[in-house]
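**Student:** Just one file: start-v3.txt, with compact mmCIF, C-alpha atoms.
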# COMPACT_ATOMS: atom_id res chain seq x y z
CA MET A 238 -11.39 -11.95 -22.04
CA LYS A 239 -13.93 -9.84 -23.89
CA LEU A 240 -15.51 -8.37 -20.74
CA LEU A 241 -12.19 -6.93 -19.57
CA GLU A 242 -11.21 -5.67 -23.02
CA GLU A 243 -14.56 -3.89 -23.33
CA ARG A 244 -14.14 -2.36 -19.91
CA ILE A 245 -10.65 -1.12 -20.79
CA ARG A 246 -11.98 0.43 -24.00
CA GLN A 247 -14.85 2.03 -22.10
CA ASP A 248 -13.12 3.30 -18.95
CA GLY A 249 -9.36 3.07 -19.56
CA VAL A 250 -7.46 6.23 -20.43
CA VAL A 251 -4.32 6.18 -22.60
CA LYS A 252 -1.74 8.69 -21.37
CA PRO A 253 1.60 9.80 -22.80
CA GLY A 254 4.53 7.50 -22.05
CA ASN A 255 2.55 4.32 -22.70
CA VAL A 256 0.62 4.75 -19.46
CA LEU A 257 -2.79 3.05 -19.34
CA LYS A 258 -4.92 4.38 -16.51
CA VAL A 259 -7.52 1.89 -15.33
CA ASP A 260 -7.92 3.37 -11.89
CA SER A 261 -11.71 3.58 -12.08
CA PHE A 262 -12.15 -0.20 -11.96
CA LEU A 263 -8.83 -2.02 -11.42
CA ASN A 264 -6.26 -0.39 -9.15
CA HIS A 265 -7.64 2.56 -7.19
CA GLN A 266 -11.40 2.08 -7.35
CA MET A 267 -12.00 -1.66 -7.68
CA ASP A 268 -14.96 -3.37 -9.38
CA VAL A 269 -15.32 -6.53 -7.34
CA ASP A 270 -17.92 -8.02 -9.72
CA LEU A 271 -15.42 -7.72 -12.57
CA PHE A 272 -12.76 -9.32 -10.38
CA ASN A 273 -15.09 -12.28 -9.81
CA GLU A 274 -15.51 -12.73 -13.57
CA MET A 275 -11.72 -12.64 -13.85
CA GLY A 276 -11.51 -15.23 -11.08
CA LYS A 277 -13.83 -17.58 -12.99
CA GLU A 278 -11.68 -17.21 -16.09
CA PHE A 279 -8.40 -17.85 -14.26
CA LYS A 280 -9.98 -20.94 -12.67
CA ARG A 281 -11.00 -22.18 -16.12
CA LEU A 282 -7.52 -21.54 -17.53
CA PHE A 283 -5.61 -23.11 -14.61
CA ALA A 284 -8.16 -25.82 -13.76
CA ARG A 285 -5.67 -28.67 -14.24
CA HIS A 286 -2.97 -27.11 -12.10
CA PRO A 287 -2.72 -28.28 -8.45
CA ILE A 288 -2.69 -24.75 -7.01
CA ASN A 289 -2.74 -24.45 -3.22
CA LYS A 290 -1.76 -20.81 -2.76
CA ILE A 291 -1.86 -17.48 -4.58
CA LEU A 292 1.04 -15.03 -4.35
CA THR A 293 0.76 -11.35 -5.24
CA ILE A 294 2.51 -8.11 -4.37
CA GLU A 295 1.24 -5.03 -2.59
CA ALA A 296 -0.69 -2.96 -3.21
CA SER A 297 -2.77 -3.19 -6.37
CA GLY A 298 -2.49 -6.98 -6.78
CA ILE A 299 -4.09 -7.72 -3.41
CA GLY A 300 -7.73 -7.05 -4.22
CA ILE A 301 -7.70 -9.08 -7.43
CA ALA A 302 -5.79 -11.92 -5.76
CA CYS A 303 -8.26 -12.19 -2.87
CA ILE A 304 -11.31 -12.32 -5.13
CA VAL A 305 -9.61 -14.79 -7.50
CA ALA A 306 -8.59 -16.97 -4.52
CA GLN A 307 -12.24 -17.71 -3.79
CA HIS A 308 -12.47 -19.55 -7.11
CA PHE A 309 -9.51 -21.77 -6.14
CA ASN A 310 -10.39 -22.16 -2.42
CA VAL A 311 -6.85 -21.23 -1.43
CA PRO A 312 -5.24 -18.56 0.78
CA VAL A 313 -3.41 -15.51 -0.59
CA VAL A 314 0.05 -14.31 0.43
CA PHE A 315 1.16 -10.86 -0.57
CA ALA A 316 4.82 -9.92 -0.85
CA LYS A 317 5.64 -6.73 1.04
CA LYS A 318 7.78 -3.81 0.07
CA ALA A 319 10.14 -3.97 3.03
CA LYS A 320 9.77 -1.28 5.64
CA SER A 321 7.88 -2.70 8.59
CA ILE A 322 9.40 -3.15 12.03
CA ASN A 323 6.74 -5.81 12.67
CA LEU A 324 8.21 -8.13 10.05
CA ASP A 325 10.57 -10.08 12.24
CA GLY A 326 11.64 -13.68 11.75
CA GLU A 327 13.07 -15.16 8.64
CA MET A 328 12.22 -13.72 5.28
CA TYR A 329 12.85 -14.48 1.66
CA SER A 330 13.77 -11.26 -0.09
CA THR A 331 14.41 -10.03 -3.59
CA LYS A 332 14.80 -6.68 -5.32
CA ILE A 333 12.16 -5.33 -7.69
CA GLU A 334 12.58 -2.21 -9.78
CA SER A 335 9.43 -0.14 -10.13
CA PHE A 336 9.37 1.98 -13.27
CA THR A 337 6.19 3.65 -12.07
CA HIS A 338 7.81 4.79 -8.85
CA LYS A 339 11.36 5.11 -10.21
CA LYS A 340 12.95 3.12 -7.42
CA VAL A 341 14.17 -0.31 -6.38
CA TYR A 342 12.27 -2.04 -3.59
CA ASP A 343 13.36 -4.82 -1.30
CA VAL A 344 10.42 -7.20 -1.44
CA ILE A 345 9.93 -9.85 1.22
CA VAL A 346 7.81 -12.84 2.17
CA ALA A 347 7.97 -14.61 5.52
CA LYS A 348 9.58 -18.01 4.99
CA LYS A 349 6.78 -19.76 6.87
CA PHE A 350 4.31 -18.78 4.14
CA LEU A 351 6.28 -20.28 1.24
CA GLN A 352 7.00 -23.98 1.67
CA PRO A 353 8.72 -26.45 -0.70
CA GLU A 354 5.44 -28.35 -1.13
CA ASP A 355 3.52 -25.24 -2.27
CA HIS A 356 2.17 -24.99 -5.82
CA ILE A 357 1.69 -21.31 -6.45
CA LEU A 358 -0.28 -19.15 -8.86
CA ILE A 359 1.06 -15.61 -9.17
CA ILE A 360 -1.62 -12.94 -9.67
CA ASP A 361 -1.04 -9.28 -10.51
CA ASP A 362 -2.87 -6.42 -12.15
CA PHE A 363 -0.26 -5.49 -14.79
CA LEU A 364 2.57 -7.20 -16.64
CA ALA A 365 4.83 -4.73 -18.46
CA ASN A 366 8.60 -5.09 -18.09
CA GLY A 367 8.12 -8.18 -15.91
CA CYS A 368 10.20 -7.04 -12.94
CA ALA A 369 7.49 -7.62 -10.34
CA VAL A 370 6.54 -11.10 -11.59
CA ASP A 371 10.20 -12.05 -12.01
CA GLY A 372 10.82 -11.04 -8.39
CA LEU A 373 7.88 -13.13 -7.19
CA ILE A 374 9.19 -16.13 -9.14
CA ASP A 375 12.55 -15.59 -7.45
CA LEU A 376 10.89 -15.64 -4.00
CA ILE A 377 8.98 -18.84 -4.82
CA ARG A 378 12.12 -20.58 -6.12
CA SER A 379 14.08 -19.48 -3.05
CA ALA A 380 11.57 -21.49 -1.05
CA GLY A 381 11.89 -24.54 -3.32
CA ALA A 382 8.18 -24.19 -4.14
CA THR A 383 6.60 -24.66 -7.58
CA VAL A 384 5.40 -21.85 -9.84
CA GLU A 385 2.23 -23.23 -11.44
CA GLY A 386 1.62 -20.14 -13.52
CA VAL A 387 1.03 -16.43 -13.71
CA GLY A 388 -2.39 -14.79 -14.03
CA ILE A 389 -2.40 -11.17 -15.16
CA ALA A 390 -5.26 -8.77 -15.73
CA ILE A 391 -3.59 -6.52 -18.33
CA GLU A 392 -0.38 -7.31 -20.19
CA LYS A 393 1.38 -4.63 -22.16
CA GLY A 394 2.27 -6.83 -25.11
CA PHE A 395 4.66 -4.23 -26.54
CA GLN A 396 6.94 -4.52 -23.49
CA GLN A 397 9.18 -7.49 -22.88
CA GLY A 398 7.78 -8.87 -19.60
CA GLY A 399 5.48 -11.47 -21.14
CA ASP A 400 8.22 -12.86 -23.39
CA LEU A 401 10.69 -12.82 -20.50
CA ILE A 402 8.49 -14.91 -18.20
CA ARG A 403 7.22 -17.27 -20.92
CA SER A 404 10.81 -17.91 -22.04
CA LYS A 405 11.43 -19.44 -18.61
CA GLY A 406 8.83 -22.10 -19.45
CA ILE A 407 6.22 -20.58 -17.15
CA ARG A 408 2.60 -20.42 -18.24
CA VAL A 409 1.40 -16.83 -18.36
CA GLU A 410 -2.30 -16.08 -18.89
CA SER A 411 -3.17 -12.44 -19.40
CA LEU A 412 -6.86 -11.64 -19.65
CA ALA A 413 -6.19 -8.67 -21.92
CA ILE A 414 -3.02 -8.10 -23.95
CA VAL A 415 -2.58 -4.57 -25.26
CA ASP A 416 -0.41 -4.66 -28.38
CA SER A 417 -0.40 -0.94 -28.99
CA MET A 418 -1.78 2.28 -27.57
CA ASP A 419 -2.04 5.74 -29.04
CA CYS A 420 -2.45 8.58 -26.59
CA ASP A 421 -3.40 11.16 -29.23
CA SER A 422 -6.43 9.23 -30.46
CA GLY A 423 -6.92 7.34 -27.17
CA THR A 424 -7.16 4.06 -29.05
CA LEU A 425 -5.86 0.61 -28.08
CA THR A 426 -5.26 -2.56 -30.05
CA PHE A 427 -5.72 -5.89 -28.26
CA ARG A 428 -3.98 -9.09 -29.27
CA SER A 429 -6.59 -11.48 -30.71
CA MET B 168 -17.22 -12.23 16.66
CA LYS B 169 -16.35 -15.56 18.22
CA LEU B 170 -14.80 -17.04 15.08
CA LEU B 171 -12.26 -14.22 14.80
CA GLU B 172 -11.47 -14.22 18.53
CA GLU B 173 -10.84 -17.96 18.43
CA ARG B 174 -8.59 -17.54 15.41
CA ILE B 175 -6.60 -14.81 17.14
CA ARG B 176 -6.18 -17.03 20.22
CA GLN B 177 -5.12 -19.93 18.03
CA ASP B 178 -2.82 -18.25 15.51
CA GLY B 179 -2.07 -14.75 16.84
CA VAL B 180 1.26 -14.09 18.51
CA VAL B 181 1.68 -11.47 21.24
CA LYS B 182 5.01 -9.65 20.94
CA PRO B 183 6.72 -7.10 23.18
CA GLY B 184 5.57 -3.50 22.71
CA ASN B 185 1.87 -4.45 22.46
CA VAL B 186 2.38 -5.92 19.00
CA LEU B 187 -0.15 -8.56 17.95
CA LYS B 188 1.04 -10.56 14.95
CA VAL B 189 -1.80 -12.03 12.93
CA ASP B 190 0.16 -12.38 9.73
CA SER B 191 -0.77 -16.02 9.20
CA PHE B 192 -4.41 -15.19 8.42
CA LEU B 193 -5.05 -11.43 8.30
CA ASN B 194 -2.34 -9.21 6.85
CA HIS B 195 0.42 -11.16 5.12
CA GLN B 196 -1.13 -14.56 4.44
CA MET B 197 -4.88 -13.98 4.11
CA ASP B 198 -7.66 -16.45 4.90
CA VAL B 199 -10.33 -15.47 2.39
CA ASP B 200 -12.94 -17.78 3.95
CA LEU B 201 -12.51 -15.96 7.26
CA PHE B 202 -12.81 -12.63 5.43
CA ASN B 203 -16.14 -13.80 3.99
CA GLU B 204 -17.44 -14.59 7.48
CA MET B 205 -16.32 -11.12 8.54
CA GLY B 206 -18.13 -9.69 5.51
CA LYS B 207 -21.38 -11.39 6.54
CA GLU B 208 -21.03 -9.96 10.05
CA PHE B 209 -20.32 -6.42 8.83
CA LYS B 210 -23.35 -6.66 6.52
CA ARG B 211 -25.51 -7.73 9.48
CA LEU B 212 -24.18 -4.88 11.64
CA PHE B 213 -24.52 -2.17 8.97
CA ALA B 214 -27.62 -3.57 7.22
CA ARG B 215 -29.66 -0.41 7.77
CA HIS B 216 -26.99 1.94 6.46
CA PRO B 217 -27.29 3.10 2.82
CA ILE B 218 -23.69 2.21 1.95
CA ASN B 219 -22.68 2.62 -1.70
CA LYS B 220 -18.88 2.44 -1.40
CA ILE B 221 -16.15 1.02 0.82
CA LEU B 222 -12.99 2.99 1.54
CA THR B 223 -9.81 1.42 2.89
CA ILE B 224 -6.08 2.16 2.86
CA GLU B 225 -3.22 0.25 1.33
CA ALA B 226 -1.95 -2.32 1.83
CA SER B 227 -3.40 -4.65 4.46
CA GLY B 228 -6.94 -3.24 4.37
CA ILE B 229 -7.42 -4.00 0.68
CA GLY B 230 -8.01 -7.76 0.83
CA ILE B 231 -10.54 -7.55 3.64
CA ALA B 232 -12.32 -4.61 1.99
CA CYS B 233 -12.70 -6.42 -1.35
CA ILE B 234 -14.16 -9.55 0.21
CA VAL B 235 -16.44 -7.51 2.49
CA ALA B 236 -17.61 -5.43 -0.50
CA GLN B 237 -19.19 -8.51 -2.06
CA HIS B 238 -21.64 -8.62 0.84
CA PHE B 239 -22.69 -5.00 0.17
CA ASN B 240 -22.54 -5.16 -3.65
CA VAL B 241 -20.46 -2.00 -3.80
CA PRO B 242 -17.05 -1.02 -5.20
CA VAL B 243 -13.95 -0.47 -3.06
CA VAL B 244 -11.63 2.53 -3.18
CA PHE B 245 -8.28 2.32 -1.49
CA ALA B 246 -6.40 5.41 -0.33
CA LYS B 247 -2.80 5.43 -1.53
CA LYS B 248 0.35 6.36 0.26
CA ALA B 249 1.48 9.08 -2.14
CA LYS B 250 4.39 8.22 -4.37
CA SER B 251 3.07 7.32 -7.80
CA ILE B 252 3.75 9.37 -10.91
CA ASN B 253 0.62 7.83 -12.43
CA LEU B 254 -1.64 9.58 -9.93
CA ASP B 255 -2.30 12.73 -11.86
CA GLY B 256 -5.41 14.87 -11.71
CA GLU B 257 -7.06 16.21 -8.63
CA MET B 258 -6.62 14.45 -5.34
CA TYR B 259 -7.88 14.75 -1.80
CA SER B 260 -4.96 14.34 0.53
CA THR B 261 -4.32 14.03 4.25
CA LYS B 262 -1.42 13.09 6.48
CA ILE B 263 -1.39 9.83 8.44
CA GLU B 264 1.22 8.94 11.01
CA SER B 265 2.20 5.27 11.02
CA PHE B 266 3.54 4.11 14.37
CA THR B 267 4.43 0.76 12.81
CA HIS B 268 6.63 2.36 10.20
CA LYS B 269 7.64 5.41 12.27
CA LYS B 270 6.81 7.95 9.59
CA VAL B 271 4.16 10.32 8.31
CA TYR B 272 2.55 9.49 4.97
CA ASP B 273 0.71 11.72 2.56
CA VAL B 274 -2.38 9.69 1.76
CA ILE B 275 -4.45 10.47 -1.30
CA VAL B 276 -7.67 9.56 -3.08
CA ALA B 277 -8.61 10.78 -6.55
CA LYS B 278 -11.46 13.29 -6.21
CA LYS B 279 -13.52 11.50 -8.87
CA PHE B 280 -13.85 8.47 -6.57
CA LEU B 281 -15.26 10.37 -3.58
CA GLN B 282 -18.42 12.32 -4.40
CA PRO B 283 -20.72 14.36 -2.12
CA GLU B 284 -23.54 11.84 -2.64
CA ASP B 285 -21.41 8.88 -1.47
CA HIS B 286 -22.27 7.00 1.74
CA ILE B 287 -19.11 5.29 2.80
CA LEU B 288 -18.13 2.40 5.04
CA ILE B 289 -14.48 2.49 6.13
CA ILE B 290 -12.85 -0.95 6.45
CA ASP B 291 -9.44 -1.69 7.94
CA ASP B 292 -7.60 -4.56 9.59
CA PHE B 293 -6.51 -2.80 12.79
CA LEU B 294 -7.68 0.14 14.91
CA ALA B 295 -5.09 1.20 17.49
CA ASN B 296 -4.28 4.90 17.82
CA GLY B 297 -6.86 5.73 15.18
CA CYS B 298 -4.61 7.77 12.89
CA ALA B 299 -5.40 5.81 9.73
CA VAL B 300 -9.17 5.83 10.23
CA ASP B 301 -9.10 9.49 11.25
CA GLY B 302 -7.24 10.28 8.03
CA LEU B 303 -9.81 8.37 5.95
CA ILE B 304 -12.64 10.28 7.67
CA ASP B 305 -10.82 13.50 6.79
CA LEU B 306 -10.66 12.46 3.11
CA ILE B 307 -14.37 11.58 3.06
CA ARG B 308 -15.36 14.87 4.67
CA SER B 309 -13.14 16.81 2.27
CA ALA B 310 -15.33 15.38 -0.48
CA GLY B 311 -18.54 16.31 1.34
CA ALA B 312 -19.46 12.63 1.44
CA THR B 313 -21.06 10.80 4.39
CA VAL B 314 -19.22 8.44 6.74
CA GLU B 315 -21.75 5.68 7.45
CA GLY B 316 -19.46 3.81 9.80
CA VAL B 317 -16.18 2.05 10.41
CA GLY B 318 -15.69 -1.72 10.28
CA ILE B 319 -12.53 -3.05 11.89
CA ALA B 320 -11.22 -6.59 12.22
CA ILE B 321 -9.16 -6.11 15.41
CA GLU B 322 -9.35 -3.12 17.74
CA LYS B 323 -6.71 -2.61 20.40
CA GLY B 324 -9.13 -1.51 23.12
CA PHE B 325 -6.31 -0.33 25.35
CA GLN B 326 -5.31 2.36 22.82
CA GLN B 327 -7.31 5.51 22.23
CA GLY B 328 -8.34 5.10 18.58
CA GLY B 329 -11.75 3.55 19.22
CA ASP B 330 -12.72 6.23 21.75
CA LEU B 331 -11.40 8.97 19.47
CA ILE B 332 -13.51 7.91 16.49
CA ARG B 333 -16.65 7.07 18.52
CA SER B 334 -16.43 10.48 20.24
CA LYS B 335 -17.00 12.04 16.80
CA GLY B 336 -20.40 10.34 16.72
CA ILE B 337 -19.27 7.74 14.18
CA ARG B 338 -20.38 4.15 14.52
CA VAL B 339 -17.37 1.83 14.91
CA GLU B 340 -17.85 -1.93 14.80
CA SER B 341 -14.79 -3.99 15.66
CA LEU B 342 -15.16 -7.75 15.27
CA ALA B 343 -12.63 -8.40 18.05
CA ILE B 344 -11.59 -5.90 20.71
CA VAL B 345 -8.43 -6.81 22.60
CA ASP B 346 -8.53 -5.20 26.04
CA SER B 347 -5.17 -6.48 27.20
CA MET B 348 -2.24 -8.58 26.01
CA ASP B 349 0.62 -10.16 27.89
CA CYS B 350 3.66 -11.07 25.84
CA ASP B 351 5.27 -13.19 28.58
CA SER B 352 2.34 -15.59 28.87
CA GLY B 353 1.09 -14.95 25.32
CA THR B 354 -2.44 -14.41 26.62
CA LEU B 355 -5.09 -11.93 25.44
CA THR B 356 -8.29 -10.66 27.00
CA PHE B 357 -11.17 -9.77 24.68
CA ARG B 358 -13.90 -7.27 25.54
CA SER B 359 -17.16 -9.15 26.04
Taking this structure as input, can you express it in the form of structure tokens?

**Tutor:**
Amino acid sequence: MKLLEERIRQDGVVKPGNVLKVDSFLNHQMDVDLFNEMGKEFKRLFARHPINKILTIEASGIGIACIVAQHFNVPVVFAKKAKSINLDGEMYSTKIESFTHKKVYDVIVAKKFLQPEDHILIIDDFLANGCAVDGLIDLIRSAGATVEGVGIAIEKGFQQGGDLIRSKGIRVESLAIVDSMDCDSGTLTFRS
Amino acid sequence: MKLLEERIRQDGVVKPGNVLKVDSFLNHQMDVDLFNEMGKEFKRLFARHPINKILTIEASGIGIACIVAQHFNVPVVFAKKAKSINLDGEMYSTKIESFTHKKVYDVIVAKKFLQPEDHILIIDDFLANGCAVDGLIDLIRSAGATVEGVGIAIEKGFQQGGDLIRSKGIRVESLAIVDSMDCDSGTLTFRS
């Protein structure tokens, strides 16, 4: 998606350790107009899929997922990093390792919000090592529901997450795939 | 807002300890159509305020804030519970006590996203003891920016948060104010 690639080139910052900071428009400050353009594109890409629900994970996936959901006319469920005493009742849970935060989270979704008849699109801001998306797929399959696909804003194409998920036969659509980054020059190469 | 009150009566669950579970439409599964109606109402209420940015806090405020932002044509910034190694640079920070999670969080916003010329609407899902909103006001004032008001989905009118924030001279608009709840009968009383 040219619009997103241009925005990454303009406002993204390449940091040491293959970190791409896009906090001015994607995951700290959020450009809702851009998210709507992303929503249109995901709808175009997944138009033939019978999606009735979007699943994401807190926190930075939530804003994108809600705006994208308007283009599908479906509700959003976000998986929670387990900690709340208000989350009673039955839960599906999985473990997700966060490389950003250097820890393993228990991630949960209330069983009532994932049903066997659900056809689910996973939405997230980044796909890198694939741990978060793989955990969400695990939650959906625990419920006997169907993974219709995965919609990602930015995929780090030089990490193994995209290959990992696609090798399971799941359709992954990333609106921008970064194949390489150089923090000295600040340059990025996108997959064409 | 009648639509929200009716939805709370229909799908909300009153639990012991003055807990109101609205996770089927507000803060776990999210009804984006409802959020858009809430956005229209907030725009009507704050139409005369020169709002150029919305501030919320992760995680459950983010979805509402993004949908509401479309009605103001402004970006959203969400305050983060501090933990990320990617959050370098200068930050405003404050401490917020979560009664739900029984802990005190350091909450941060990158300084570049709160400027003295900003006129900010705070959006959150719940107002109870007021700690979260009070912390967001503290962040905004640290930046020398202006708090234009606070938009809340559900205020627990029997807790002190609403009075606390209004006593600072800040306009607080809550779309539903619950004055009392009874977990035995499952009934709620809304402020008229």

**Student:** For Phe325 (chain B), which residue out of B:Ile263, B:Leu212, B:Leu294, B:Ile307 is the nearest one, using all atoms listed in the file?

**Tutor:**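 Of B:Ile263, B:Leu212, B:Leu294, B:Ile307, the one nearest Phe325 (chain B) is B:Leu294, counting all atoms listed in the file.
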
**Student:** Counting all atoms listed in the file, a student should be able to say which residues of chain A come within 7 Å of chain B; what is the right answer, written as a PyMOL selection string?

**Tutor:** chain A and resi 265-269+295-296+299-300+303-304+307+312-315+320-323+337-338+350

**Student:** What is the distance between CA of Val384 (chain A) and CA of Ile357 (chain A), in Å to one decimal?

**Tutor:**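 If I compute the distance from CA of Val384 (chain A) to CA of Ile357 (chain A), I get 5.1 Å.
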
**Student:** Within 12 Å of Arg211 (chain B), counting all atoms listed in the file, which residues qualify if same-chain residues fewer than 6 places away don't, as an mmCIF file with C-alpha atoms, in the frame of the given file?

**Tutor:**
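And here's part27.cif as it stands now:
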data_model
loop_
_atom_site.group_PDB
_atom_site.id
_atom_site.type_symbol
_atom_site.label_atom_id
_atom_site.label_comp_id
_atom_site.auth_asym_id
_atom_site.auth_seq_id
_atom_site.Cartn_x
_atom_site.Cartn_y
_atom_site.Cartn_z
ATOM 1 C CA MET B 168 -17.220 -12.230 16.660
ATOM 2 C CA GLU B 204 -17.440 -14.590 7.480
ATOM 3 C CA MET B 205 -16.320 -11.120 8.540
ATOM 4 C CA VAL B 235 -16.440 -7.510 2.490
ATOM 5 C CA HIS B 238 -21.640 -8.620 0.840
ATOM 6 C CA PHE B 239 -22.690 -5.000 0.170
ATOM 7 C CA GLY B 318 -15.690 -1.720 10.280
ATOM 8 C CA GLU B 340 -17.850 -1.930 14.800
ATOM 9 C CA LEU B 342 -15.160 -7.750 15.270
#

**Student:** Suppose you want the space between CA of Ile245 (chain A) and CA of Ile389 (chain A); what is it in Å?

**Tutor:** 14.2 Å

**Student:** Mind working out the centre and edge lengths of an axis-aligned box for region 412-415 of chain A, all listed atoms inside, 5 Å added to each side, rounded to one decimal in Å and written as lines of an AutoDock Vina configuration file?

**Tutor:**
center_x = -4.7
center_y = -8.1
center_z = -22.5
size_x = 14.3
size_y = 17.1
size_z = 15.6

**Student:** So that I can check the surroundings of Leu401 (chain A), please list as a VMD selection string every protein, DNA and RNA residue that reaches within 12 Å of it, counting only C-alpha atoms and ignoring chain neighbours fewer than 5 positions away.

**Tutor:** chain A and resid 364 to 371 374 394 396 406 to 409

**Student:** Enter the distance from CA of Met348 (chain B) to CA of Lys169 (chain B), in Å, rounded to one decimal.

**Tutor:**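 Result for CA of Met348 (chain B) versus CA of Lys169 (chain B): 17.6 Å, one decimal.
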